[in-house]
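S.K.: One structure is given below, represented as structure tokens, and several questions about it will come after.
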Amino acid sequence: MTIKQLSIFVENRVGALLDVTSVLRENQIDMRAFSVAETTDFGIVRLIVNKPGKARELLRASGLTVIETPVIGVLLEDTPGTFHSVLETLFKARISIEYTYAFAKNSGSRKAYMMIRVEDPEKTAKILQEAGFTLLSPGDVYEE
Amino acid sequence: MYSIYNPEAETMPRDKLRELQSERLVKTVKHVYQNVPAYRKKFDEAGVRPEDIKSVDDLTKLPFTYKQDLRDNYPFGLFAVPMDDIVRIHASSGTTGKQTVVGYTRNDLKVWGEVMARTIGAGGVTKKDIGHISYGYGLFTGGLGGHLGSETIGCATIPASTGNTARQVTILVDFKPTFLLCTPSYALTIAEYMAEHGITKEQLSLRCGFFGAEPWTRGMQQEIENRLGIECFDIYGLSEIIGPGVAYECQAHEGLHVAEDHFILEVIDPSTGKPVPDGERGELVFTCITKEALPLIRYRTHDVGYKLPEPCKCGRTHARISKILGRSDDMLIIRGVNVFPSQIESVLTTLEGIAPHYQLLVDRVNNRDTLTVLVEMTEDNFTDEVRKIEAMAARVRKEIENVLGISVDVRLVAPKTITRFEGKAVRIIDKRKLHD
């Protein structure tokens, strides 16, 4: 139950993000989640798109460096404390979170998913499911 | 009245000089043939025997020596004397990871002291002067060479070396040295520091300065003269020949006199190896005729310049060369240090997972040369973690700095940034204006 996230290396210069979004736009690729980790010299763009395989090829062909990273999407009901319980479960299992960001599946829905990157995604997915959490499945995201 | 340190040698009549050169060349050729297996092999392959060399006229019968020869015989394979007779070792950048190593006997150090004394003596320096030596002391020949020249004349010599500009300026103001030796860009760094701290040139006792180890324009010279209030002299040398002291400007300021009784000068067409007419540009080639430890024969410097044919108004009879106009290879000089792009390439190929796709951005910011190495971020070395990427960049930087001996910036870039052309990649983008 892991989702393919695309990680893209971007330089820290004006217009660098446009290099990414123009490829997606030209090829009608739909973005589901977007996050950027930045440092002084560069950034890593993390994308969840509906056609990860195609997007990867296209971005690569345009001269960008792209890799796929498996992440987990955990469904959060829209009530206070939901994310806290996810984190508690991971804490009890001594699982370290590398990074995390939000993902809204459908506009109008009151549900959100938190994308989480961990060292062992398969094992973590199992732990979360056993604790009763719903995970995002590839079928929910991909159209290829 | 032009200052000359050793008038007997420096104003020697041309015919006597030529006789002296021939005598010394014959001795040197015998010396290396007997004592350096690599030279014996070279001469045999070229079909030349020591007996074939009777005078300077026979010089072109001898084969050239290349930096590659020093590399192939690293570190001491070309020394013509036993190690017991070596009293000094110096080294400078090689084309890849290995340094170019040179050695000196006690007599060689005397020769070096002599030619360096001529160098600063040409600027009017006498034992009454106090010298401030701001070239690096260490394996590079700049610091200890300058030091030797200053001590040979008998000046009070301050071994300031490089770095710590604040302290250098304090010394310039307090110890009152009368002449300075450093790279032209460092002279401007000193001027900049003084300006920022309200120290005027009137507070200094400097009269003149001797600058080399990197190319510099008339504009820079003017700036140094104005800001430090000193007379500037261009000096030229390379460690393979002896270090600084191979050629030096006199007070006529029209070219640099080669110490021809120690080094025979040739200017050749780099693609054919044939001599070019006086006054025409070519690659400078030197033959050492007084050194014992490492007398190189017809050494290809890759420095481009020309010989000034007319006699100099200073009275010296030794030939002059122009300012160095460029290189006939891809070597860069960054803050006075020789850098070969192939050195960087060799570092990148040995580091795991790094593609040898790179570009060098060279610039000069606030009189300080900067070198930024752009390294391509490929899928092989891209990870999804910022930490790991930063660690990788730091590792690459450390490796490059170890090999080059100077600090550089490393920037990771997307593949598309490093422009690829058909055939040879554009490796170097040099934004500095170094030559007039």
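Residues are referred to by chain and number: the chain letter is A, B, ... according to the order shown in the structure tokens, the number counts from 1 in that chain, and ligands are numbered separately from 1 in the order shown.
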Which residues of chain B are close to chain A, meaning at most 7 Å apart when you count only C-alpha atoms, and how do they look as a list in words?

M.R.: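 Taken together, these residues fit the definition: Met377, Thr378, Glu379, Asp384, Val413, Ala414, Pro415 and Lys416 of chain B.
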
S.K.: Give me the residues near range 128-132 of chain A as a PyMOL selection string, where near means some atom within 9 Å (using only C-alpha atoms) and where sequence neighbours in that chain fewer than 5 positions away do not count.

M.R.: chain A and resi 74+86+89-90+123

S.K.: Please give the complete set of residues from chain A that DSSP, run on the backbone, assigns to strand (DSSP E or B), formatted as a PyMOL selection string.

M.R.: chain A and resi 3-11+31-38+42-49+65-76+97-103+112-118+135

S.K.: Export, as an mmCIF file, in the first residue's frame, the selected residues with C-alpha atoms.

M.R.:
```cif
data_model
loop_
_atom_site.group_PDB
_atom_site.id
_atom_site.type_symbol
_atom_site.label_atom_id
_atom_site.label_comp_id
_atom_site.auth_asym_id
_atom_site.auth_seq_id
_atom_site.Cartn_x
_atom_site.Cartn_y
_atom_site.Cartn_z
ATOM 1 C CA ILE A 3 2.194 5.357 -3.445
ATOM 2 C CA LYS A 4 4.808 6.371 -6.026
ATOM 3 C CA GLN A 5 5.999 9.869 -5.276
ATOM 4 C CA LEU A 6 8.249 11.603 -7.772
ATOM 5 C CA SER A 7 11.226 13.405 -6.256
ATOM 6 C CA ILE A 8 12.738 15.998 -8.561
ATOM 7 C CA PHE A 9 16.019 17.828 -8.069
ATOM 8 C CA VAL A 10 15.628 21.564 -8.703
ATOM 9 C CA GLU A 11 18.251 24.281 -8.582
ATOM 10 C CA MET A 31 -0.984 16.927 -9.838
ATOM 11 C CA ARG A 32 -2.472 15.575 -6.625
ATOM 12 C CA ALA A 33 0.041 16.722 -4.054
ATOM 13 C CA PHE A 34 3.015 19.010 -4.146
ATOM 14 C CA SER A 35 5.729 19.834 -1.648
ATOM 15 C CA VAL A 36 9.174 21.394 -1.870
ATOM 16 C CA ALA A 37 12.031 20.859 0.524
ATOM 17 C CA GLU A 38 14.489 23.676 0.151
ATOM 18 C CA PHE A 42 18.775 23.442 -4.215
ATOM 19 C CA GLY A 43 15.355 21.984 -3.571
ATOM 20 C CA ILE A 44 13.626 18.635 -3.840
ATOM 21 C CA VAL A 45 10.158 18.795 -5.344
ATOM 22 C CA ARG A 46 7.913 15.954 -4.209
ATOM 23 C CA LEU A 47 4.976 15.238 -6.435
ATOM 24 C CA ILE A 48 2.057 12.887 -6.459
ATOM 25 C CA VAL A 49 0.568 12.821 -9.951
ATOM 26 C CA THR A 65 16.776 14.425 -12.493
ATOM 27 C CA VAL A 66 13.827 12.404 -11.185
ATOM 28 C CA ILE A 67 13.490 9.356 -8.980
ATOM 29 C CA GLU A 68 10.542 7.493 -7.522
ATOM 30 C CA THR A 69 10.092 7.229 -3.805
ATOM 31 C CA PRO A 70 7.468 5.047 -2.120
ATOM 32 C CA VAL A 71 5.361 6.931 0.421
ATOM 33 C CA ILE A 72 2.278 6.121 2.472
ATOM 34 C CA GLY A 73 -0.931 8.123 2.404
ATOM 35 C CA VAL A 74 -2.974 7.986 5.613
ATOM 36 C CA LEU A 75 -6.610 9.091 5.565
ATOM 37 C CA LEU A 76 -7.465 11.721 8.123
ATOM 38 C CA ILE A 97 9.150 10.103 9.996
ATOM 39 C CA GLU A 98 11.454 11.470 7.337
ATOM 40 C CA TYR A 99 8.958 14.062 6.124
ATOM 41 C CA THR A 100 5.241 14.544 5.662
ATOM 42 C CA TYR A 101 2.797 16.746 3.758
ATOM 43 C CA ALA A 102 -0.928 16.963 3.104
ATOM 44 C CA PHE A 103 -2.906 15.727 0.124
ATOM 45 C CA ALA A 112 -7.418 14.771 3.754
ATOM 46 C CA TYR A 113 -4.502 12.421 3.488
ATOM 47 C CA MET A 114 -1.124 12.894 5.072
ATOM 48 C CA MET A 115 1.689 11.604 2.886
ATOM 49 C CA ILE A 116 4.412 10.168 5.061
ATOM 50 C CA ARG A 117 7.898 9.066 4.157
ATOM 51 C CA VAL A 118 9.441 6.432 6.400
ATOM 52 C CA LEU A 135 -4.456 4.097 3.616
#
```

S.K.: Among the residues of range 279-362 of chain B, find those DSSP assigns to alpha helix (DSSP H) from the backbone and print them as a list in words.

M.R.: Pro341, Ser342, Gln343, Ile344, Glu345, Ser346, Val347, Leu348, Thr349 and Thr350 of chain B

S.K.: Neighbouring residues of Ile153 in chain B were defined as those with any atom within 9 Å, considering only C-alpha atoms; residues of the same chain fewer than 3 positions away were excluded. Please report them as a list in words.

M.R.: Tyr5, Gly113, Glu114, Ala117, Arg118, Ile120, Gly121, Val125, Thr126, Lys127, Leu148, Gly149 and Ser150 of chain B

S.K.: Need to verify the contact set: Ser22 in chain B, 10 Å, only C-alpha atoms, exclusion of same-chain residues closer than 5 positions in sequence. Can you return it as a PyMOL selection string?

M.R.: chain B and resi 16-17+27-28+53-59+261+264+289
